[in-house]
>>> print(open('input.cif').read())   # mmCIF, C-alpha atoms and all ligand atoms
data_model
loop_
_atom_site.label_atom_id
_atom_site.label_comp_id
_atom_site.auth_asym_id
_atom_site.auth_seq_id
_atom_site.Cartn_x
_atom_site.Cartn_y
_atom_site.Cartn_z
CA MET A 246 72.77 89.46 129.52
CA ALA A 247 69.95 91.70 130.76
CA THR A 248 70.95 94.77 132.74
CA THR A 249 69.03 95.41 135.88
CA ARG A 250 67.95 98.81 137.23
CA HIS A 251 70.52 98.29 139.97
CA ASP A 252 73.36 97.81 137.42
CA ARG A 253 72.36 101.00 135.58
CA ALA A 254 72.33 103.02 138.82
CA ALA A 255 75.74 101.63 139.80
CA GLY A 256 77.11 102.48 136.32
CA ALA A 257 75.83 106.07 136.57
CA LEU A 258 77.36 106.45 140.04
CA LEU A 259 80.68 105.16 138.75
CA ALA A 260 80.58 107.56 135.76
CA ASP A 261 79.87 110.50 138.13
CA HIS A 262 82.79 109.63 140.35
CA LYS A 263 85.09 109.05 137.39
CA ALA A 264 84.26 112.47 135.94
CA ARG A 265 84.86 114.14 139.29
CA LEU A 266 88.16 112.33 139.80
CA GLN A 267 89.26 113.33 136.28
CA ARG A 268 88.34 117.00 136.84
CA ALA A 269 90.24 117.00 140.12
CA SER A 270 93.33 115.43 138.59
CA GLN A 271 93.20 117.84 135.59
CA ALA A 272 93.08 120.78 138.03
CA LEU A 273 96.02 119.28 139.89
CA ALA A 274 97.98 118.86 136.64
CA VAL A 275 97.32 122.51 135.69
CA SER A 276 98.37 123.80 139.10
CA ALA A 277 101.40 121.47 139.15
CA GLU A 278 102.39 122.86 135.75
CA GLU A 279 101.90 126.43 137.03
CA ALA A 280 103.93 125.64 140.14
CA ARG A 281 106.69 124.09 137.97
CA LEU A 282 106.75 127.19 135.76
CA ALA A 283 106.81 129.52 138.76
CA ARG A 284 109.63 127.49 140.31
CA SER A 285 111.70 127.55 137.14
CA LEU A 286 111.22 131.36 136.85
CA ARG A 287 112.36 131.76 140.46
CA ASP A 288 115.33 129.39 139.99
CA ALA A 289 116.45 131.26 136.85
CA ALA A 290 116.23 134.56 138.80
CA ILE A 291 118.34 132.98 141.58
CA ARG A 292 120.95 131.78 139.09
CA ASP A 293 121.19 135.27 137.56
CA ALA A 294 121.52 136.84 141.02
CA VAL A 295 124.32 134.36 141.89
CA ALA A 296 126.04 135.11 138.57
CA ALA A 297 125.77 138.86 139.36
CA GLY A 298 127.76 138.22 142.55
CA LEU A 299 125.04 138.27 145.25
CA SER A 300 125.75 135.85 148.09
CA LEU A 301 123.48 132.88 148.86
CA ARG A 302 122.66 134.61 152.14
CA GLN A 303 121.57 137.86 150.43
CA ILE A 304 119.41 136.00 147.91
CA GLY A 305 117.94 133.81 150.64
CA GLY A 306 117.13 136.95 152.66
CA ALA A 307 115.14 138.38 149.74
CA LEU A 308 113.21 135.14 149.22
CA GLY A 309 112.76 133.85 152.77
CA LEU A 310 114.95 130.84 151.92
CA SER A 311 117.98 129.45 153.74
CA PRO A 312 121.32 129.76 151.86
CA GLN A 313 121.07 125.97 151.51
CA GLY A 314 117.64 126.29 149.90
CA VAL A 315 119.00 128.91 147.51
CA ALA A 316 121.90 126.64 146.49
CA THR A 317 119.49 123.75 145.90
CA ALA A 318 117.13 125.92 143.84
CA ALA A 319 120.01 127.30 141.77
CA ALA A 320 121.09 123.74 140.99
CA GLN A 321 117.75 122.72 139.47
CA GLY A 322 118.03 121.72 135.84
CA GLN A 323 121.61 122.91 135.47
CA PRO A 324 124.56 120.82 134.29
CA ILE A 325 126.31 120.14 137.58
CA TYR A 326 129.41 122.27 136.93
CA ASN A 327 127.42 125.19 135.55
CA THR A 328 126.00 125.31 139.07
CA ILE A 329 128.88 124.27 141.28
CA GLY A 330 131.11 126.46 139.15
CA ARG A 331 129.53 129.67 140.34
CA SER A 332 131.06 129.49 143.82
CA TYR A 333 134.02 127.43 142.71
CA SER A 334 136.60 130.18 142.43
CA ARG A 335 135.72 131.40 145.95
CA THR A 336 136.09 128.06 147.75
CA ARG A 337 138.50 126.17 145.50
CA GLN A 338 141.82 127.98 145.56
CA PRO A 339 144.80 125.82 144.51
CA ASP A 340 146.84 124.59 147.46
CA PRO A 341 150.57 125.31 146.94
CA ARG A 342 151.73 121.96 148.42
CA ILE A 343 149.38 119.97 146.20
CA ARG A 344 150.40 122.15 143.24
CA ASP A 345 154.07 121.30 143.89
CA ALA A 346 153.28 117.55 143.94
CA ILE A 347 151.30 117.79 140.68
CA TRP A 348 153.88 119.91 138.89
CA ALA A 349 156.69 117.58 140.06
CA ALA A 350 154.79 114.61 138.61
CA LEU A 351 154.72 116.39 135.23
CA GLY A 352 158.52 115.97 135.22
CA GLY A 353 160.15 117.87 132.41
CA ALA A 354 156.98 118.19 130.27
CA ARG A 355 157.39 121.34 128.16
CA SER A 356 153.87 121.34 126.72
CA VAL A 357 150.68 120.38 128.54
CA VAL A 358 146.99 120.02 127.75
CA ASN A 359 144.89 120.53 130.89
CA VAL A 360 141.83 118.33 130.48
CA GLY A 361 138.76 119.10 132.60
CA ALA A 362 140.64 122.28 133.46
CA GLY A 363 137.81 124.10 135.21
CA ALA A 364 138.82 127.58 136.31
CA GLY A 365 142.50 126.68 135.88
CA SER A 366 143.55 125.47 139.33
CA TYR A 367 146.93 123.73 139.22
CA GLU A 368 147.40 124.65 135.58
CA PRO A 369 151.15 124.84 134.94
CA PRO A 370 152.62 127.75 132.93
CA GLN A 371 153.65 125.43 130.06
CA THR A 372 149.97 124.66 129.29
CA LEU A 373 149.14 125.11 125.60
CA LEU A 374 145.43 124.38 125.79
CA ALA A 375 142.75 123.88 128.43
CA VAL A 376 139.86 121.53 127.63
CA GLU A 377 136.69 122.32 129.61
CA PRO A 378 133.02 121.69 128.76
CA SER A 379 131.42 124.13 131.24
CA LEU A 380 131.16 127.75 130.10
CA VAL A 381 130.68 128.88 133.68
CA MET A 382 134.03 127.35 134.60
CA VAL A 383 135.72 128.77 131.51
CA ALA A 384 134.37 132.23 132.38
CA GLN A 385 136.15 132.02 135.75
CA ARG A 386 139.58 131.38 134.25
CA PRO A 387 141.89 134.23 135.23
CA GLU A 388 143.45 136.39 132.51
CA GLY A 389 146.75 135.13 131.20
CA LEU A 390 146.04 131.40 131.39
CA ALA A 391 146.13 129.17 128.31
CA PRO A 392 143.22 129.42 125.83
CA ALA A 393 140.32 127.09 126.61
CA ALA A 394 138.45 124.86 124.16
CA VAL A 395 134.85 124.32 125.28
CA THR A 396 134.80 120.60 124.67
CA THR A 397 135.31 117.32 126.51
CA ALA A 398 138.13 114.84 127.09
CA GLU A 399 136.48 112.62 124.51
CA ARG A 400 137.10 115.25 121.77
CA ILE A 401 140.41 117.04 122.25
CA PRO A 402 141.08 119.47 119.40
CA LEU A 403 144.81 118.73 119.06
CA PRO A 404 146.79 116.74 116.49
CA ASP A 405 148.25 113.29 117.27
CA ASP A 406 151.34 113.23 119.50
CA SER A 407 151.36 117.02 119.89
CA VAL A 408 151.97 117.60 123.64
CA ASP A 409 154.39 116.21 126.20
CA ALA A 410 151.72 115.68 128.88
CA ALA A 411 148.01 115.70 129.64
CA LEU A 412 146.98 116.85 133.10
CA CYS A 413 143.62 115.79 134.58
CA VAL A 414 142.83 117.20 138.02
CA LEU A 415 139.78 115.89 139.91
CA THR A 416 137.88 115.49 136.68
CA VAL A 417 137.87 111.87 135.42
CA HIS A 418 134.89 110.92 137.60
CA HIS A 419 132.78 113.39 135.60
CA TRP A 420 133.54 111.93 132.18
CA PRO A 421 130.69 109.93 130.67
CA ASP A 422 133.11 107.75 128.68
CA VAL A 423 136.43 107.44 130.52
CA ALA A 424 137.89 104.90 128.08
CA ALA A 425 137.21 107.25 125.14
CA GLY A 426 138.69 110.17 127.12
CA PHE A 427 141.92 108.29 127.76
CA ARG A 428 142.11 107.07 124.16
CA GLU A 429 142.05 110.74 123.14
CA ILE A 430 144.69 111.59 125.74
CA ARG A 431 146.96 108.77 124.55
CA ARG A 432 146.46 110.02 120.97
CA VAL A 433 147.53 113.62 121.68
CA ALA A 434 149.97 113.28 124.61
CA ARG A 435 153.17 111.39 125.40
CA SER A 436 152.41 111.17 129.14
CA ALA A 437 149.62 111.80 131.62
CA VAL A 438 149.27 112.94 135.20
CA VAL A 439 145.89 112.25 136.79
CA PHE A 440 144.96 113.63 140.20
CA THR A 441 142.04 111.68 141.60
CA TRP A 442 141.03 109.76 144.70
CA ASP A 443 140.99 106.15 145.83
CA PHE A 444 137.47 105.33 146.97
CA GLU A 445 138.78 102.38 149.01
CA VAL A 446 140.54 104.95 151.23
CA SER A 447 138.16 107.92 151.01
CA ARG A 448 135.15 105.81 152.01
CA ARG A 449 136.58 105.71 155.55
CA PHE A 450 136.66 109.53 155.87
CA TRP A 451 134.80 110.59 159.04
CA LEU A 452 132.34 112.87 157.21
CA CYS A 453 130.94 109.74 155.51
CA ASP A 454 129.92 108.43 158.96
CA TYR A 455 127.63 111.46 159.23
CA ILE A 456 126.49 111.48 155.59
CA PRO A 457 126.72 107.88 154.30
CA ALA A 458 125.06 109.01 151.07
CA ILE A 459 128.45 110.48 150.07
CA ASN A 460 129.77 106.93 149.76
CA GLU A 461 126.67 105.73 147.93
CA LEU A 462 127.25 108.44 145.32
CA ASP A 463 131.04 107.99 145.23
CA ALA A 464 130.66 104.23 144.77
CA ARG A 465 128.78 105.02 141.56
CA ILE A 466 131.09 107.72 140.18
CA ALA A 467 134.60 106.97 141.48
CA LEU A 468 136.97 105.42 138.96
CA PRO A 469 138.73 102.55 140.77
CA ILE A 470 142.51 103.12 140.83
CA PRO A 471 143.26 99.66 139.29
CA ASP A 472 140.91 100.51 136.36
CA LEU A 473 142.60 103.88 135.89
CA CYS A 474 146.04 102.23 135.97
CA SER A 475 145.02 99.72 133.35
CA LEU A 476 143.51 102.42 131.08
CA LEU A 477 146.79 104.36 131.37
CA GLY A 478 149.09 101.32 131.29
CA THR A 479 150.90 102.25 134.51
CA ASP A 480 151.34 101.23 138.12
CA ASP A 481 152.83 104.55 139.25
CA VAL A 482 150.40 105.68 141.98
CA ARG A 483 151.53 108.39 144.42
CA PRO A 484 149.57 109.29 147.59
CA VAL A 485 149.01 113.03 148.06
CA MET A 486 148.58 114.04 151.68
CA VAL A 487 146.07 116.76 152.54
CA PRO A 488 147.56 119.49 154.76
CA HIS A 489 145.45 120.54 157.77
CA ASP A 490 145.05 124.05 156.34
CA CYS A 491 144.48 122.96 152.72
CA ALA A 492 143.49 125.96 150.60
CA ASP A 493 141.55 123.91 148.05
CA GLY A 494 138.09 123.17 149.46
CA PHE A 495 137.52 119.68 148.03
CA LEU A 496 135.69 116.98 149.97
CA GLY A 497 138.58 115.82 152.17
CA ALA A 498 140.13 119.26 152.64
CA PHE A 499 138.51 120.05 155.98
CA TRP A 500 139.40 116.81 157.79
CA ARG A 501 140.68 118.86 160.80
CA ARG A 502 138.22 121.77 160.39
CA PRO A 503 134.80 120.07 160.70
CA GLU A 504 132.84 123.36 161.08
CA ALA A 505 133.72 124.21 157.46
CA TYR A 506 131.27 121.57 156.19
CA LEU A 507 128.46 123.54 157.84
CA ASP A 508 129.03 126.43 155.41
CA PRO A 509 126.67 126.13 152.40
CA GLU A 510 129.15 127.95 150.19
CA VAL A 511 131.86 125.41 151.00
CA ARG A 512 129.44 122.56 150.29
CA ALA A 513 128.34 124.20 147.03
CA GLY A 514 131.93 123.90 145.76
CA ILE A 515 132.16 120.16 146.53
CA SER A 516 130.40 118.13 143.86
CA SER A 517 129.86 115.02 146.00
CA LEU A 518 127.98 117.16 148.56
CA ALA A 519 126.28 119.54 146.13
CA ARG A 520 124.84 116.62 144.15
CA LEU A 521 123.22 114.96 147.17
CA ASP A 522 119.57 115.27 148.09
CA GLN A 523 120.00 118.27 150.42
CA SER A 524 117.57 116.95 153.02
CA VAL A 525 119.79 113.87 153.37
CA ALA A 526 122.93 116.02 153.66
CA ASN A 527 121.26 118.32 156.19
CA ALA A 528 120.19 115.42 158.40
CA GLY A 529 123.83 114.28 158.65
CA LEU A 530 125.05 117.82 159.25
CA GLU A 531 122.61 118.22 162.14
CA LEU A 532 124.28 115.21 163.81
CA LEU A 533 127.66 116.80 163.19
CA VAL A 534 126.49 120.08 164.79
CA GLU A 535 125.30 118.14 167.83
CA ASP A 536 128.57 116.20 168.13
CA LEU A 537 130.65 119.36 167.79
CA ARG A 538 128.54 121.09 170.43
CA SER A 539 128.74 118.16 172.87
CA GLY A 540 132.44 117.53 172.23
CA ALA A 541 131.74 114.00 170.95
CA TRP A 542 133.42 114.75 167.58
CA GLN A 543 136.54 116.10 169.30
CA ARG A 544 136.74 113.02 171.56
CA ARG A 545 136.23 110.56 168.70
CA TYR A 546 138.75 112.21 166.37
CA GLN A 547 141.30 113.39 168.93
CA ALA A 548 144.08 111.61 167.01
CA LEU A 549 143.30 113.69 163.90
CA LEU A 550 143.53 116.94 165.81
CA GLU A 551 147.16 116.13 166.57
CA ARG A 552 148.15 115.63 162.93
CA ASP A 553 149.37 118.12 160.31
CA GLU A 554 148.45 116.09 157.26
CA PHE A 555 146.11 113.26 156.45
CA ASP A 556 145.64 110.60 153.78
CA ALA A 557 142.09 111.27 152.60
CA GLY A 558 142.64 109.01 149.58
CA TYR A 559 143.93 111.52 147.03
CA ARG A 560 146.31 110.00 144.49
CA LEU A 561 148.46 111.02 141.54
CA VAL A 562 148.55 108.41 138.80
CA VAL A 563 151.41 108.98 136.38
CA ALA A 564 151.95 107.35 132.99
CA ARG A 565 154.59 107.80 130.29
CA TRP A 566 154.27 106.13 126.93
CA ASP A 567 157.06 105.20 124.58
CA ARG A 568 156.22 106.04 120.98
C1 LIG A 601 136.18 119.17 140.09
S1 LIG A 601 136.27 120.10 138.60
C2 LIG A 601 138.01 120.21 138.48
C3 LIG A 601 138.45 121.41 137.70
C4 LIG A 601 139.95 121.68 137.76
N1 LIG A 601 140.70 120.62 137.13
C5 LIG A 601 140.39 121.92 139.18
O1 LIG A 601 141.14 121.13 139.72
O2 LIG A 601 139.96 122.92 139.76
C6 LIG A 601 135.85 118.93 137.34
C7 LIG A 601 135.81 119.52 135.96
O3 LIG A 601 135.64 118.48 134.99
C8 LIG A 601 134.85 119.02 133.96
N2 LIG A 601 134.27 117.94 133.12
C9 LIG A 601 133.07 117.35 133.22
N3 LIG A 601 132.91 116.45 132.24
C10 LIG A 601 134.03 116.46 131.49
C11 LIG A 601 134.47 115.76 130.32
N4 LIG A 601 133.72 114.83 129.75
N5 LIG A 601 135.67 116.05 129.81
C12 LIG A 601 136.46 116.99 130.40
N6 LIG A 601 136.09 117.68 131.51
C13 LIG A 601 134.91 117.42 132.05
C14 LIG A 601 133.81 119.84 134.71
O4 LIG A 601 133.14 120.76 133.87
C15 LIG A 601 134.66 120.49 135.76
O5 LIG A 601 135.17 121.74 135.37
#
>>> encode(input="input.cif", output="structure tokens")
Amino acid sequence: MATTRHDRAAGALLADHKARLQRASQALAVSAEEARLARSLRDAAIRDAVAAGLSLRQIGGALGLSPQGVATAAAQGQPIYNTIGRSYSRTRQPDPRIRDAIWAALGGARSVVNVGAGAGSYEPPQTLLAVEPSLVMVAQRPEGLAPAAVTTAERIPLPDDSVDAALCVLTVHHWPDVAAGFREIRRVARSAVVFTWDFEVSRRFWLCDYIPAINELDARIALPIPDLCSLLGTDDVRPVMVPHDCADGFLGAFWRRPEAYLDPEVRAGISSLARLDQSVANAGLELLVEDLRSGAWQRRYQALLERDEFDAGYRLVVARWDR
């Protein structure tokens, strides 16, 4: 087909525009790459400053960022517990009443492997070995606790049938292969005590009305209690009430102290808040601030303010296996 002068002119115009568009997008790619590099240098500097003990507020002051922004930046590209772990030992002290319930569930176990042990909260004195994949968590274990193996539930470095009990505290929802983790536990231990939460109860917690994304995330990660029971071969499920002054700052801990959720350091120690898109979390927290200021929260949850303990959905699931 013959090309007209008009076709040639249109082709040249198109080629000009294409070249210009390509140059512009190359420049954008280079500056995006530079920006990415600059951001990762800044985030690494933030992580080092946090590890050196500076507070989110101090770091934010030096950078012109909010403490929230600092926490978000520090989380970039890090395995979740290498990030959450940094503030963990400040906000996540074991609560003595919850400790008593967990230790009672261990019965007469004389040897324990603490799986997903973190910094060692609730670890009983008869623990032989802690299993924990995050080095940051291991580094926060106080002197005198059991030795820690930096590995996962799916690979426990113990012989068959070698401990009375396995303890798993607020950890199973992090395991990529829960069935493999519990196969390992049943191989090495004669019983198990799992502290976890029932999403069917926790989904009704008032904070989820402000930040519904908590439930969207929890629906994906929570291990349903019936599934856990069938993996463990048990139906022994014991509710654990949360005291109003709970020392362990997990998600449901501040049910009667709503202002606590406004503290970025508290939120940084709660994985289901720390993992959220922070703009989504902040939008919900702004509503909470407004309701606290106007008294709407206090009116809506008056009944809670009169209670000393609350069922936020936490459960102990206990299994003993005959050999
Ligand atoms: C919420 S923390 C609980 C730590 C501790 N048990 C406590 O109560 O303070 C969850 C822990 O599970 C660990 N974890 C993540 N994946 C794991 C896996 N596959 N096997 C064992 N632990 C795992 C995390 O590194 C983290 O320390």
>>> residues_near_point(input="input.cif", point="(129.3, 112.1, 155.4)", cutoff="10 Å", atoms="all atoms listed in the file", output="list in words")
Arg448, Arg449, Phe450, Trp451, Leu452, Cys453, Asp454, Tyr455, Ile456, Pro457, Ala458, Ile459, Asn460, Leu496, Tyr506, Ser517, Leu518, Val525, Ala526, Gly529, Leu530 and Leu533 of chain A
>>> closest_atom_pairs(input="input.cif", of="chain A", to="ligand LIG 601 (chain A)", cutoff="8 Å", atoms="only C-alpha atoms and all ligand atoms", output="Markdown table")
| residue | atom | partner | partner_atom | distance |
| --- | --- | --- | --- | --- |
| A:Ile325 | CA | A:LIG601 | O4 | 7.8 |
| A:Tyr326 | CA | A:LIG601 | O4 | 5.1 |
| A:Asn327 | CA | A:LIG601 | O4 | 7.4 |
| A:Gly330 | CA | A:LIG601 | O5 | 7.3 |
| A:Arg337 | CA | A:LIG601 | O2 | 6.8 |
| A:Gln338 | CA | A:LIG601 | O2 | 7.9 |
| A:Pro339 | CA | A:LIG601 | O2 | 7.4 |
| A:Asn359 | CA | A:LIG601 | N1 | 7.5 |
| A:Val360 | CA | A:LIG601 | C12 | 5.5 |
| A:Gly361 | CA | A:LIG601 | N6 | 3.2 |
| A:Ala362 | CA | A:LIG601 | N1 | 4.0 |
| A:Gly363 | CA | A:LIG601 | O5 | 3.5 |
| A:Ala364 | CA | A:LIG601 | O2 | 5.9 |
| A:Gly365 | CA | A:LIG601 | C4 | 5.9 |
| A:Ser366 | CA | A:LIG601 | O2 | 4.4 |
| A:Tyr367 | CA | A:LIG601 | O1 | 6.4 |
| A:Glu368 | CA | A:LIG601 | N1 | 8.0 |
| A:Val376 | CA | A:LIG601 | C12 | 6.3 |
| A:Glu377 | CA | A:LIG601 | N6 | 5.0 |
| A:Pro378 | CA | A:LIG601 | O4 | 5.2 |
| A:Ser379 | CA | A:LIG601 | O4 | 4.6 |
| A:Met382 | CA | A:LIG601 | O5 | 5.8 |
| A:Thr396 | CA | A:LIG601 | N5 | 6.9 |
| A:Thr397 | CA | A:LIG601 | N5 | 3.6 |
| A:Ala398 | CA | A:LIG601 | N5 | 3.9 |
| A:Glu399 | CA | A:LIG601 | N4 | 6.3 |
| A:Cys413 | CA | A:LIG601 | N1 | 6.2 |
| A:Val414 | CA | A:LIG601 | N1 | 4.1 |
| A:Leu415 | CA | A:LIG601 | C1 | 4.9 |
| A:Thr416 | CA | A:LIG601 | C6 | 4.0 |
| A:Val417 | CA | A:LIG601 | O3 | 7.0 |
| A:His418 | CA | A:LIG601 | N3 | 8.0 |
| A:His419 | CA | A:LIG601 | N3 | 4.5 |
| A:Trp420 | CA | A:LIG601 | N4 | 3.8 |
| A:Pro421 | CA | A:LIG601 | N4 | 5.8 |
| A:Asp422 | CA | A:LIG601 | N4 | 7.2 |
| A:Val423 | CA | A:LIG601 | N4 | 7.9 |
| A:Gly426 | CA | A:LIG601 | N5 | 7.1 |
| A:Ile515 | CA | A:LIG601 | C1 | 7.7 |
| A:Ser516 | CA | A:LIG601 | C1 | 7.0 |
>>> closest_residue(input="input.cif", among="A:Glu554, A:Glu504, A:Glu510, A:Asp480", to="A:Glu531", atoms="all atoms listed in the file")
A:Glu504
>>> residues_around(input="input.cif", residues="A:Trp348", least_positions_apart="4", cutoff="12 Å", atoms="only C-alpha atoms", output="number ranges by chain")
A: 341-344, 352-355, 357, 366-372, 410-414, 437-440, 561, 563
>>> atom_distance(input="input.cif", atom1="atom CA of A:Val381", atom2="atom CA of A:Thr441")
22.1 Å
>>> atom_distance(input="input.cif", atom1="atom CA of A:Leu473", atom2="atom CA of A:Arg565")
13.8 Å
>>> axis_aligned_box(input="input.cif", around="stretch 285-292 of chain A", padding_each_side="4 Å", output="AutoDock Vina command-line options")
--center_x 116.1 --center_y 131.1 --center_z 139.2 --size_x 17.7 --size_y 15.0 --size_z 12.7
>>> atom_distance(input="input.cif", atom1="atom CA of A:Tyr559", atom2="atom CA of A:Val358")
21.3 Å
>>> closest_residue(input="input.cif", among="A:Trp566, A:Arg502, A:Ala548, A:Leu521", to="A:Thr479", atoms="all atoms listed in the file")
A:Trp566
>>> closest_residue(input="input.cif", among="A:Asp340, A:Glu535, A:Asp556, A:Asp443", to="A:Val482", atoms="all atoms listed in the file")
A:Asp443
>>> closest_residue(input="input.cif", among="A:Arg335, A:Arg386, A:Arg250, A:Arg431", to="A:Asp493", atoms="only C-alpha atoms")
A:Arg335
>>> build_atoms(input="input.cif", residues="stretch 343-359 of chain A", atoms="N, CA and C atoms", output="compact mmCIF listing (two decimals), in the frame of the given file")
# COMPACT_ATOMS: atom_id res chain seq x y z
N ILE A 343 149.93 120.94 147.17
CA ILE A 343 149.38 119.97 146.20
C ILE A 343 149.84 120.36 144.79
N ARG A 344 149.89 121.68 144.54
CA ARG A 344 150.40 122.15 143.24
C ARG A 344 151.83 121.65 143.01
N ASP A 345 152.68 121.75 144.05
CA ASP A 345 154.07 121.30 143.89
C ASP A 345 154.12 119.82 143.54
N ALA A 346 153.28 119.01 144.21
CA ALA A 346 153.28 117.55 143.94
C ALA A 346 152.84 117.28 142.50
N ILE A 347 151.81 118.02 142.04
CA ILE A 347 151.30 117.79 140.68
C ILE A 347 152.34 118.23 139.64
N TRP A 348 152.90 119.39 139.87
CA TRP A 348 153.88 119.91 138.89
C TRP A 348 155.13 119.02 138.86
N ALA A 349 155.52 118.49 140.04
CA ALA A 349 156.69 117.58 140.06
C ALA A 349 156.38 116.32 139.25
N ALA A 350 155.15 115.83 139.35
CA ALA A 350 154.79 114.61 138.61
C ALA A 350 154.82 114.84 137.10
N LEU A 351 154.66 116.10 136.67
CA LEU A 351 154.72 116.39 135.23
C LEU A 351 156.15 116.27 134.69
N GLY A 352 157.12 116.16 135.62
CA GLY A 352 158.52 115.97 135.22
C GLY A 352 158.95 117.14 134.35
N GLY A 353 159.63 116.80 133.26
CA GLY A 353 160.15 117.87 132.41
C GLY A 353 159.20 118.23 131.27
N ALA A 354 157.91 117.91 131.38
CA ALA A 354 156.98 118.19 130.27
C ALA A 354 157.03 119.68 129.89
N ARG A 355 157.29 119.93 128.58
CA ARG A 355 157.39 121.34 128.16
C ARG A 355 156.10 121.85 127.55
N SER A 356 155.18 120.91 127.24
CA SER A 356 153.87 121.34 126.72
C SER A 356 152.81 120.45 127.35
N VAL A 357 151.71 121.10 127.77
CA VAL A 357 150.68 120.38 128.54
C VAL A 357 149.31 120.72 127.99
N VAL A 358 148.41 119.72 127.94
CA VAL A 358 146.99 120.02 127.75
C VAL A 358 146.31 119.71 129.08
N ASN A 359 145.57 120.70 129.59
CA ASN A 359 144.89 120.53 130.89
C ASN A 359 143.45 120.13 130.60
